[in-house]
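*Asks:* This is protein-v6.tsv, which holds TSV, C-alpha atoms:
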chain	number	residue	atom	x	y	z
L	1	MET	CA	-12.91	-13.04	-5.99
L	2	ARG	CA	-15.88	-10.79	-5.34
L	3	CYS	CA	-16.96	-8.82	-2.32
L	4	SER	CA	-20.32	-7.45	-1.29
L	5	PHE	CA	-18.97	-3.94	-0.91
L	6	CYS	CA	-16.70	-1.49	-2.65
L	7	ILE	CA	-13.03	-2.20	-2.07
L	8	LEU	CA	-10.50	0.59	-2.18
L	9	LEU	CA	-7.22	-0.90	-0.99
L	10	ALA	CA	-5.91	-4.33	-0.10
L	11	ILE	CA	-2.99	-5.66	1.89
L	12	CYS	CA	-1.72	-9.11	2.71
L	13	ALA	CA	-0.85	-10.14	6.25
L	14	ARG	CA	1.50	-12.97	7.12
L	15	LEU	CA	0.98	-14.11	10.66
L	16	PRO	CA	2.85	-16.87	12.49
L	17	GLY	CA	0.98	-19.51	14.40
L	18	VAL	CA	-0.79	-21.35	11.59
L	19	SER	CA	1.54	-23.43	9.48
L	20	GLY	CA	1.16	-24.77	5.99
L	21	PHE	CA	4.00	-26.63	4.33
L	22	GLY	CA	6.51	-24.83	6.51
L	23	GLU	CA	5.10	-21.38	5.80
L	24	SER	CA	3.07	-19.00	7.93
L	25	GLN	CA	-0.61	-18.62	7.16
L	26	LYS	CA	-1.43	-15.61	4.97
L	27	PHE	CA	-4.54	-13.45	4.91
L	28	LEU	CA	-5.68	-10.91	2.36
L	29	ILE	CA	-7.12	-7.85	4.13
L	30	VAL	CA	-9.27	-5.26	2.34
L	31	SER	CA	-10.96	-2.00	3.28
L	32	SER	CA	-14.50	-0.94	2.42
L	33	PRO	CA	-14.80	2.87	2.67
L	34	LEU	CA	-18.52	2.94	1.94
L	35	THR	CA	-19.40	0.59	4.80
L	36	GLY	CA	-16.61	1.67	7.16
L	37	HIS	CA	-15.53	-1.97	7.47
L	38	VAL	CA	-12.31	-3.92	7.05
L	39	ALA	CA	-12.57	-7.56	5.94
L	40	TYR	CA	-10.26	-10.47	5.24
L	41	LEU	CA	-9.84	-13.70	3.32
L	42	LYS	CA	-7.58	-16.61	4.22
L	43	LEU	CA	-5.17	-17.45	1.44
L	44	PRO	CA	-4.21	-21.06	0.56
L	45	SER	CA	-1.82	-22.48	3.14
L	46	ASP	CA	0.51	-23.93	0.50
L	47	GLY	CA	1.42	-20.43	-0.69
L	48	SER	CA	-0.55	-20.65	-3.95
L	49	PRO	CA	-2.72	-17.73	-5.08
L	50	ALA	CA	-6.29	-17.30	-3.92
L	51	ILE	CA	-8.96	-18.72	-6.22
L	52	ALA	CA	-12.57	-17.69	-6.77
L	53	ASP	CA	-13.99	-20.72	-4.96
L	54	GLY	CA	-16.92	-18.96	-3.32
L	55	GLN	CA	-15.11	-18.27	-0.07
L	56	ALA	CA	-16.73	-15.18	1.41
L	57	MET	CA	-14.90	-12.23	2.88
L	58	ARG	CA	-15.13	-12.15	6.67
L	59	THR	CA	-15.48	-8.93	8.66
L	60	LEU	CA	-12.43	-7.99	10.69
L	61	ILE	CA	-13.39	-4.46	11.83
L	62	LYS	CA	-17.04	-3.40	11.76
L	63	SER	CA	-17.11	-0.31	13.99
L	64	GLY	CA	-14.96	2.65	14.96
L	65	LEU	CA	-13.87	3.59	11.44
L	66	VAL	CA	-15.53	6.14	9.17
L	67	PHE	CA	-13.97	5.86	5.71
L	68	PRO	CA	-11.05	3.38	5.88
L	69	GLN	CA	-8.76	3.40	2.88
L	70	GLY	CA	-5.05	2.51	3.06
L	71	LEU	CA	-3.90	-0.58	4.97
L	72	ALA	CA	-0.48	-1.85	5.98
L	73	VAL	CA	0.63	-4.83	8.06
L	74	ASP	CA	3.73	-5.20	10.23
L	75	ASP	CA	4.05	-8.98	10.11
L	76	HIS	CA	6.74	-9.27	12.75
L	77	ARG	CA	4.91	-7.19	15.36
L	78	LYS	CA	1.42	-8.31	14.26
L	79	ARG	CA	0.17	-4.77	13.70
L	80	LEU	CA	-2.49	-3.56	11.25
L	81	PHE	CA	-2.38	0.14	10.33
L	82	VAL	CA	-5.49	1.80	8.87
L	83	ALA	CA	-5.53	5.17	7.10
L	84	ASP	CA	-8.93	6.81	7.58
L	85	PRO	CA	-8.96	10.44	6.32
L	86	ASN	CA	-12.29	11.14	8.03
L	87	LYS	CA	-10.78	10.37	11.45
L	88	THR	CA	-7.88	12.84	10.99
L	89	GLY	CA	-5.46	10.30	12.34
L	90	LEU	CA	-3.67	7.03	11.67
L	91	VAL	CA	-4.82	4.09	13.80
L	92	MET	CA	-3.29	0.73	14.63
L	93	TYR	CA	-4.78	-2.61	15.68
L	94	GLN	CA	-2.99	-5.58	17.20
L	95	LEU	CA	-3.58	-8.67	15.05
L	96	SER	CA	-4.01	-12.26	16.19
L	97	SER	CA	-5.03	-15.46	14.46
L	98	ASN	CA	-6.56	-18.75	15.51
L	99	GLY	CA	-6.86	-21.30	12.76
L	100	ASP	CA	-8.80	-19.70	9.91
L	101	THR	CA	-9.92	-16.76	12.04
L	102	LEU	CA	-8.23	-13.37	12.14
L	103	SER	CA	-9.07	-10.84	14.86
L	104	VAL	CA	-7.94	-7.43	16.14
L	105	GLY	CA	-7.60	-5.72	19.49
L	106	SER	CA	-8.68	-2.21	20.43
L	107	PRO	CA	-7.60	0.66	18.15
L	108	LYS	CA	-4.64	2.82	19.10
L	109	GLU	CA	-3.90	6.22	17.58
L	110	VAL	CA	-0.46	6.27	16.00
L	111	ALA	CA	-0.50	9.75	14.44
L	112	SER	CA	-2.86	12.61	15.19
L	113	GLY	CA	-3.87	15.68	13.22
L	114	VAL	CA	-3.31	14.15	9.77
L	115	GLN	CA	-5.60	13.36	6.86
L	116	THR	CA	-4.06	10.25	5.39
L	117	ARG	CA	-5.36	7.89	2.73
L	118	ALA	CA	-2.31	5.66	2.26
L	119	VAL	CA	0.15	3.98	4.62
L	120	ALA	CA	3.14	1.63	4.41
L	121	VAL	CA	5.42	-0.07	6.93
L	122	ASP	CA	8.99	-1.37	6.60
L	123	GLY	CA	10.67	-4.41	8.12
L	124	LEU	CA	11.82	-2.37	11.13
L	125	GLY	CA	8.27	-1.35	12.05
L	126	ASN	CA	8.57	2.27	10.92
L	127	VAL	CA	5.37	3.63	9.39
L	128	VAL	CA	5.25	6.08	6.49
L	129	PHE	CA	2.08	7.73	5.21
L	130	SER	CA	0.95	10.57	2.96
L	131	ASP	CA	-0.98	13.66	4.04
L	132	GLU	CA	-2.64	14.79	0.81
L	133	PRO	CA	-4.02	18.22	1.88
L	134	THR	CA	-0.68	19.43	3.26
L	135	ASN	CA	1.52	17.84	0.56
L	136	ARG	CA	3.67	15.90	3.01
L	137	ILE	CA	5.17	12.46	3.45
L	138	LEU	CA	5.30	11.64	7.17
L	139	ARG	CA	6.81	8.95	9.37
L	140	VAL	CA	6.29	7.52	12.84
L	141	ALA	CA	9.23	5.40	13.98
L	142	ALA	CA	8.65	2.02	15.60
L	143	ALA	CA	10.12	3.31	18.86
L	144	SER	CA	7.66	6.22	18.89
L	145	ILE	CA	4.76	3.82	18.38
L	146	ASP	CA	5.93	1.74	21.34
L	147	GLU	CA	6.24	4.88	23.46
L	148	GLY	CA	2.81	6.20	22.46
L	149	LYS	CA	4.15	9.32	20.73
L	150	THR	CA	1.65	10.47	18.10
L	151	SER	CA	3.46	13.45	16.55
L	152	PRO	CA	4.84	12.31	13.18
L	153	GLU	CA	8.07	13.60	11.68
L	154	VAL	CA	8.14	15.12	8.21
L	155	ILE	CA	10.26	13.23	5.67
L	156	TYR	CA	9.30	15.33	2.64
L	157	ASP	CA	7.34	18.57	2.39
L	158	GLY	CA	5.87	19.92	-0.84
L	159	SER	CA	7.08	23.40	0.06
L	160	ALA	CA	10.68	22.18	-0.34
L	161	VAL	CA	10.27	19.30	-2.83
L	162	SER	CA	8.85	20.05	-6.28
L	163	HIS	CA	7.89	16.40	-6.90
L	164	LEU	CA	5.34	16.34	-4.08
L	165	LYS	CA	1.80	17.50	-4.82
L	166	ALA	CA	-1.34	15.85	-3.39
L	167	PRO	CA	0.45	12.57	-2.61
L	168	GLY	CA	-1.65	9.42	-2.85
L	169	GLY	CA	-0.40	5.84	-2.59
L	170	VAL	CA	2.84	5.09	-0.75
L	171	ALA	CA	5.18	2.11	-0.53
L	172	MET	CA	8.53	1.59	1.11
L	173	ASP	CA	11.49	-0.68	1.67
L	174	ASN	CA	14.26	-0.28	4.22
L	175	TYR	CA	15.98	2.41	2.14
L	176	PHE	CA	13.45	4.29	0.04
L	177	VAL	CA	9.90	5.57	0.17
L	178	TYR	CA	7.84	5.65	-3.02
L	179	TRP	CA	4.76	7.78	-3.62
L	180	LEU	CA	2.27	8.76	-6.31
L	181	ASN	CA	1.15	12.32	-6.92
L	182	LYS	CA	-2.47	13.14	-7.74
L	183	ALA	CA	-1.80	16.73	-8.84
L	184	GLY	CA	1.00	18.97	-10.01
L	185	ALA	CA	2.56	20.32	-13.19
L	186	PRO	CA	3.09	19.43	-15.94
L	187	LYS	CA	0.64	16.68	-15.00
L	188	ALA	CA	-0.37	14.49	-12.11
L	189	GLY	CA	0.11	10.74	-11.91
L	190	THR	CA	3.85	10.81	-11.27
L	191	LEU	CA	5.69	8.03	-9.44
L	192	ILE	CA	8.45	9.31	-7.15
L	193	ARG	CA	11.24	7.65	-5.13
L	194	GLY	CA	12.93	9.34	-2.20
L	195	LEU	CA	15.51	8.36	0.39
L	196	GLN	CA	13.80	7.28	3.58
L	197	TYR	CA	16.53	8.71	5.80
L	198	ALA	CA	18.27	12.05	5.50
L	199	THR	CA	21.87	12.42	4.38
L	200	ALA	CA	24.17	15.43	4.65
L	201	GLU	CA	23.28	16.34	1.06
L	202	THR	CA	19.52	16.02	1.52
L	203	ILE	CA	19.66	18.10	4.69
L	204	ARG	CA	21.10	20.92	2.59
L	205	ASN	CA	18.73	20.25	-0.32
L	206	ALA	CA	15.62	18.15	0.29
L	207	SER	CA	15.15	17.45	-3.43
L	208	ALA	CA	18.60	15.84	-3.70
L	209	GLY	CA	17.29	12.50	-2.49
L	210	VAL	CA	14.17	12.54	-4.72
L	211	LYS	CA	13.90	10.96	-8.17
L	212	LEU	CA	11.10	10.97	-10.73
L	213	LEU	CA	10.51	7.37	-11.87
L	214	ALA	CA	7.47	7.66	-14.14
L	215	GLU	CA	4.98	10.23	-15.45
L	216	ASN	CA	2.84	8.25	-17.88
L	217	ALA	CA	-0.65	8.56	-16.35
L	218	PRO	CA	-3.03	11.46	-15.67
L	219	LYS	CA	-3.85	10.38	-12.09
L	220	CYS	CA	-2.69	7.41	-10.01
L	221	TYR	CA	-3.81	5.74	-6.79
L	222	GLY	CA	-2.22	2.49	-5.57
L	223	VAL	CA	1.43	1.42	-5.53
L	224	CYS	CA	3.18	-1.74	-4.33
L	225	LEU	CA	6.58	-3.42	-4.54
L	226	ALA	CA	7.11	-6.97	-5.79
L	227	GLY	CA	10.59	-8.33	-6.35
L	228	GLY	CA	12.60	-5.86	-8.40
L	229	ASN	CA	9.55	-4.06	-9.76
L	230	ILE	CA	7.06	-1.38	-8.75
L	231	PHE	CA	3.42	-1.73	-9.77
L	232	TYR	CA	0.90	1.10	-9.68
L	233	THR	CA	-2.64	1.86	-10.83
L	234	ASP	CA	-4.29	4.80	-12.53
L	235	GLU	CA	-7.83	5.97	-11.82
L	236	ALA	CA	-9.43	4.50	-14.94
L	237	SER	CA	-8.38	1.00	-16.06
L	238	HIS	CA	-4.62	0.53	-16.11
L	239	LEU	CA	-2.02	-1.25	-14.04
L	240	TYR	CA	1.57	-0.29	-14.78
L	241	GLY	CA	4.98	-1.63	-13.85
L	242	ILE	CA	8.51	-0.26	-13.80
L	243	ASN	CA	11.85	-1.46	-12.49
L	244	ARG	CA	12.43	-0.52	-8.85
L	245	ALA	CA	15.95	0.72	-9.65
L	246	SER	CA	14.58	2.79	-12.52
L	247	THR	CA	16.97	5.00	-14.47
L	248	SER	CA	16.51	7.16	-17.56
L	249	ARG	CA	16.63	4.03	-19.75
L	250	HIS	CA	13.62	2.47	-18.05
L	251	VAL	CA	10.04	3.12	-19.13
L	252	ALA	CA	6.77	2.19	-17.47
L	253	ARG	CA	5.02	-0.81	-19.04
L	254	THR	CA	1.30	-1.53	-19.16
L	255	ILE	CA	0.57	-4.77	-17.29
L	256	SER	CA	-3.18	-4.59	-17.79
L	257	SER	CA	-5.80	-2.24	-19.25
L	258	SER	CA	-8.78	-4.47	-18.43
L	259	LEU	CA	-9.61	-3.09	-14.97
L	260	GLN	CA	-12.42	-0.57	-14.41
L	261	ALA	CA	-11.39	1.49	-11.39
L	262	PRO	CA	-8.21	-0.04	-9.94
L	263	ARG	CA	-7.09	1.21	-6.56
L	264	GLY	CA	-4.76	-0.52	-4.09
L	265	CYS	CA	-2.36	-3.36	-4.84
L	266	VAL	CA	-0.25	-5.66	-2.68
L	267	SER	CA	2.29	-8.45	-3.12
L	268	ASP	CA	2.00	-11.70	-1.18
L	269	GLY	CA	5.79	-12.06	-1.21
L	270	ALA	CA	5.55	-15.28	-3.22
L	271	GLY	CA	5.09	-13.98	-6.76
L	272	THR	CA	1.44	-12.93	-6.77
L	273	VAL	CA	0.11	-9.38	-6.68
L	274	TYR	CA	-3.52	-8.62	-5.77
L	275	VAL	CA	-5.30	-5.53	-7.14
L	276	ALA	CA	-8.52	-4.05	-5.77
L	277	ASP	CA	-11.06	-2.78	-8.31
L	278	LYS	CA	-13.46	-0.22	-6.87
L	279	SER	CA	-15.99	-0.30	-9.71
L	280	GLN	CA	-16.26	-4.08	-9.89
L	281	ASN	CA	-16.23	-4.61	-6.11
L	282	ALA	CA	-13.64	-7.29	-6.70
L	283	VAL	CA	-10.04	-8.30	-6.15
L	284	PHE	CA	-7.93	-9.50	-9.08
L	285	ARG	CA	-4.55	-11.21	-9.08
L	286	PHE	CA	-1.71	-11.69	-11.53
L	287	ALA	CA	1.66	-13.44	-11.61
L	288	ALA	CA	4.20	-10.70	-10.85
L	289	ASN	CA	7.42	-12.73	-10.80
L	290	MET	CA	8.85	-11.44	-14.08
L	291	ASP	CA	12.23	-9.99	-14.97
L	292	ILE	CA	10.89	-8.38	-18.15
L	293	LEU	CA	7.69	-6.45	-17.59
L	294	MET	CA	4.88	-7.43	-19.96
L	295	PRO	CA	1.07	-7.66	-20.04
L	296	ARG	CA	-0.44	-10.25	-17.73
L	297	PRO	CA	-4.02	-11.56	-17.48
L	298	MET	CA	-5.99	-10.43	-14.46
L	299	VAL	CA	-7.71	-13.31	-12.62
L	300	LYS	CA	-10.71	-12.54	-10.38
Show this structure as C-alpha cells.
*Replies:*
Amino acid sequence: MRCSFCILLAICARLPGVSGFGESQKFLIVSSPLTGHVAYLKLPSDGSPAIADGQAMRTLIKSGLVFPQGLAVDDHRKRLFVADPNKTGLVMYQLSSNGDTLSVGSPKEVASGVQTRAVAVDGLGNVVFSDEPTNRILRVAAASIDEGKTSPEVIYDGSAVSHLKAPGGVAMDNYFVYWLNKAGAPKAGTLIRGLQYATAETIRNASAGVKLLAENAPKCYGVCLAGGNIFYTDEASHLYGINRASTSRHVARTISSSLQAPRGCVSDGAGTVYVADKSQNAVFRFAANMDILMPRPMVK
C-alpha cells in the first residue's frame, strides 16, 4: 500500500468495539515526519493482511506534532504514544473508534526533557523509549502515567552499559527490552536484549542483564517482535530476523534485501508483519509466522 507522504514508523492498534468474526477491529497507524502528521488504515476485519486495494490513508493527527517518528499502542487502555524528538518529550493520545473511523483526544505529555525517536509499550501499560543523545533507555510506569508524573526512570545508561550507544528502535515484552544501536565500536547496528526489571545482580552490575543478540549490519533503525522471533531493519535495504531467545548458536538471517530505506516494523499479532519504507513512501507486509527464518517476499 502506498501513502502520499514519507513514512518512518508504523504500528498496529487493536481496539475493541468493532467486531469481525469474533475479533477486535485492527488499524495500521503510521507517522509522517515530513508533514508532522499521523495517519491510519483499517485492516480487514477477518484478520487477514491488508491488501493494496486503493484504500487511502486517513489522517489521525494533523496538528501539534513537529517531526513524529516512533509509535506505540496500548490496546487495553486505548492509548497511542508518539515519539517526536523535536518536541523534547513523549506524548500520549487517548484512542477511540467508531466503525471504520479512528480518532484521538487531546495530547498529554508522558515524559518531559527527552529527545526520543522510538517507543514501545508492554501488556501492563509500562512505556519504554530510547533517548539517543544521552545514550539511555528510559521507562515511565503505567501508574506514573495515570498520576501525571512525567519524570522517567533510567533502565539502562550508556555510561554504565557498554552495549548502549545512540540507541534507536526499541521493542519490549513483559520481561525484556530490546534496542538497536546506531553507533559504537566495533561497529553500529547491534541488536541488544536487556532485562526490563532490575535484579540483585544487575543492581551491582548493570551490564549483567544485557546480552548482545546480533551485530551484522552497519546501522539499524526499526525492531519488532513477532512470535518467537525478532525482526529489524538496516538503513539501506535489508530486513533481518533472529530468534527471540537467541544464544551463541543463533545467527541473524536476511528476510529481505528488496527494500530501499526500511524503517519501522510492527506485527499484527496474527502472523503478518508490516514494514515502512521511507524511500518508497510505502508499507510492505510479509508472512512472519515461521519457525525457521528464511527469505520472504515483500508485498506492497
*Asks:* Take CA of Asp84 (chain L) and CA of Gln69 (chain L) and report the distance between them in Å, one decimal.
*Replies:*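 Calculated distance between CA of Asp84 (chain L) and CA of Gln69 (chain L) is 5.8 Å.
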*Asks:* Using all atoms listed in the file, can you tell me which of L:Ile292, L:Val110, L:Ile255, L:Ala120 comes closest to Pro152 (chain L)?
*Replies:* L:Val110
*Asks:* Name the residues in contact with Ala217 (chain L) at a cut-off of 7 Å, using only C-alpha atoms, excluding same-chain residues fewer than 3 positions from it; report them as a ChimeraX atom specification.
*Replies:* /L:189,220,234
*Asks:* Considering all atoms listed in the file, can you say which of L:Ala245, L:Leu60, L:Val82, L:Val223 comes closest to Val275 (chain L)?
*Replies:*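 Of L:Ala245, L:Leu60, L:Val82, L:Val223, the one nearest Val275 (chain L) is L:Val223, counting all atoms listed in the file.
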*Asks:* Under the rule that only C-alpha atoms are counted, which of L:Asn216, L:Gln115, L:Gln25, L:Ser96 is the nearest residue to Thr190 (chain L)?
*Replies:* L:Asn216
*Asks:* Under the rule that only C-alpha atoms are counted, which of L:Ser279, L:Ser63, L:Gly105, L:Met57 is the nearest residue to His37 (chain L)?
*Replies:*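 Checking each of L:Ser279, L:Ser63, L:Gly105, L:Met57 against His37 (chain L), counting only C-alpha atoms, the winner is L:Ser63.
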*Asks:* So, counting only C-alpha atoms, which residue among L:Asn289, L:Ser162, L:Ser112, L:Asn174 is closest to Val140 (chain L)?
*Replies:* L:Ser112
*Asks:* I need the residue nearest Pro295 (chain L) from this list: L:Ala166, L:Leu239, L:Leu212, L:Ile155. Use only C-alpha atoms for the distance.
*Replies:*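 Ranked by minimum distance to Pro295 (chain L), first place goes to L:Leu239.
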*Asks:* CA of Val121 (chain L) and CA of Leu191 (chain L) are how many Å apart?
*Replies:*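 Separation of CA of Val121 (chain L) and CA of Leu191 (chain L): 18.3 Å.
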*Asks:* Do you know which residues lie at most 8 Å from (-8.2, -8.9, 17.3), with coordinates as in the file and all atoms listed in the file counted, and could you write them as a ChimeraX atom specification?
*Replies:* /L:60,93-97,102-106
*Asks:* Hey, which bits of region 207-239 of chain L sit within 9 Å of region 181-185 of chain L, and for each residue what's the closest pair of atoms and how far apart in Å (one decimal), counting all atoms listed in the file, rows by chain and increasing number, as JSON lines?
*Replies:*
{"residue": "L:Pro218", "atom": "CA", "partner": "L:Lys182", "partner_atom": "CA", "distance": 8.1}
{"residue": "L:Lys219", "atom": "CA", "partner": "L:Lys182", "partner_atom": "CA", "distance": 5.3}
{"residue": "L:Cys220", "atom": "CA", "partner": "L:Lys182", "partner_atom": "CA", "distance": 6.2}
{"residue": "L:Tyr221", "atom": "CA", "partner": "L:Lys182", "partner_atom": "CA", "distance": 7.6}
*Asks:* To one decimal place, how far is CA of Asp277 (chain L) from CA of Val114 (chain L) in Å?
*Replies:*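 A separation of 26.0 Å between them.
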*Asks:* Give me the box for region 157-176 of chain L as lines of an AutoDock Vina configuration file, namely the centre and edge lengths in Å to one decimal of a box along x, y and z that holds every listed atom plus 3 Å on each side.
*Replies:*
center_x = 7.2
center_y = 11.4
center_z = -1.3
size_x = 23.6
size_y = 30.1
size_z = 17.1
*Asks:* Would you list the residues near (-0.8, 7.9, 9.7), meaning any protein, DNA or RNA residue with an atom at most 10 Å from that point in file coordinates, counting only C-alpha atoms, as a PyMOL selection string?
*Replies:* chain L and resi 70+81-85+88-92+109-120+127-131+137-140+150-152
*Asks:* Deliver the residues from the most recent selection as a file, using C-alpha atoms, as a CSV table (one decimal), in the coordinates of the input.
*Replies:*
chain,number,residue,atom,x,y,z
L,70,GLY,CA,-5.0,2.5,3.1
L,81,PHE,CA,-2.4,0.1,10.3
L,82,VAL,CA,-5.5,1.8,8.9
L,83,ALA,CA,-5.5,5.2,7.1
L,84,ASP,CA,-8.9,6.8,7.6
L,85,PRO,CA,-9.0,10.4,6.3
L,88,THR,CA,-7.9,12.8,11.0
L,89,GLY,CA,-5.5,10.3,12.3
L,90,LEU,CA,-3.7,7.0,11.7
L,91,VAL,CA,-4.8,4.1,13.8
L,92,MET,CA,-3.3,0.7,14.6
L,109,GLU,CA,-3.9,6.2,17.6
L,110,VAL,CA,-0.5,6.3,16.0
L,111,ALA,CA,-0.5,9.8,14.4
L,112,SER,CA,-2.9,12.6,15.2
L,113,GLY,CA,-3.9,15.7,13.2
L,114,VAL,CA,-3.3,14.2,9.8
L,115,GLN,CA,-5.6,13.4,6.9
L,116,THR,CA,-4.1,10.2,5.4
L,117,ARG,CA,-5.4,7.9,2.7
L,118,ALA,CA,-2.3,5.7,2.3
L,119,VAL,CA,0.2,4.0,4.6
L,120,ALA,CA,3.1,1.6,4.4
L,127,VAL,CA,5.4,3.6,9.4
L,128,VAL,CA,5.2,6.1,6.5
L,129,PHE,CA,2.1,7.7,5.2
L,130,SER,CA,1.0,10.6,3.0
L,131,ASP,CA,-1.0,13.7,4.0
L,137,ILE,CA,5.2,12.5,3.4
L,138,LEU,CA,5.3,11.6,7.2
L,139,ARG,CA,6.8,9.0,9.4
L,140,VAL,CA,6.3,7.5,12.8
L,150,THR,CA,1.6,10.5,18.1
L,151,SER,CA,3.5,13.4,16.6
L,152,PRO,CA,4.8,12.3,13.2
*Asks:* Using only C-alpha atoms, determine which residues lie at most 7 Å from Val66 (chain L), disregarding the query and same-chain residues fewer than 3 positions distant; provide the list as a list in words.
*Replies:*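 Residues meeting the cut-off are Gly36, Asp84, Asn86 and Lys87 of chain L.
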*Asks:* Within 7 Å of Ala171 (chain L), counting all atoms listed in the file, which residues show up once you throw out same-chain ones fewer than 6 positions away? Write them as a list of chain:residue names, please.
*Replies:* L:Ala120, L:Val177, L:Tyr178, L:Trp179, L:Val223, L:Cys224, L:Leu225
*Asks:* Counting all atoms listed in the file, what is within 10 Å of Ser257 (chain L), bar same-chain residues fewer than 4 positions away, as a PDB file with C-alpha atoms, in the coordinates of the input?
*Replies:*
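After the write, result_36.pdb holds the following:
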ATOM      1  CA  THR L 233      -2.640   1.860 -10.830  1.00  0.00           C
ATOM      2  CA  ASP L 234      -4.290   4.800 -12.530  1.00  0.00           C
ATOM      3  CA  ALA L 236      -9.430   4.500 -14.940  1.00  0.00           C
ATOM      4  CA  SER L 237      -8.380   1.000 -16.060  1.00  0.00           C
ATOM      5  CA  HIS L 238      -4.620   0.530 -16.110  1.00  0.00           C
ATOM      6  CA  LEU L 239      -2.020  -1.250 -14.040  1.00  0.00           C
ATOM      7  CA  TYR L 240       1.570  -0.290 -14.780  1.00  0.00           C
ATOM      8  CA  PRO L 262      -8.210  -0.040  -9.940  1.00  0.00           C
ATOM      9  CA  PRO L 295       1.070  -7.660 -20.040  1.00  0.00           C
ATOM     10  CA  ARG L 296      -0.440 -10.250 -17.730  1.00  0.00           C
ATOM     11  CA  PRO L 297      -4.020 -11.560 -17.480  1.00  0.00           C
ATOM     12  CA  MET L 298      -5.990 -10.430 -14.460  1.00  0.00           C
TER      13      MET L 298
END
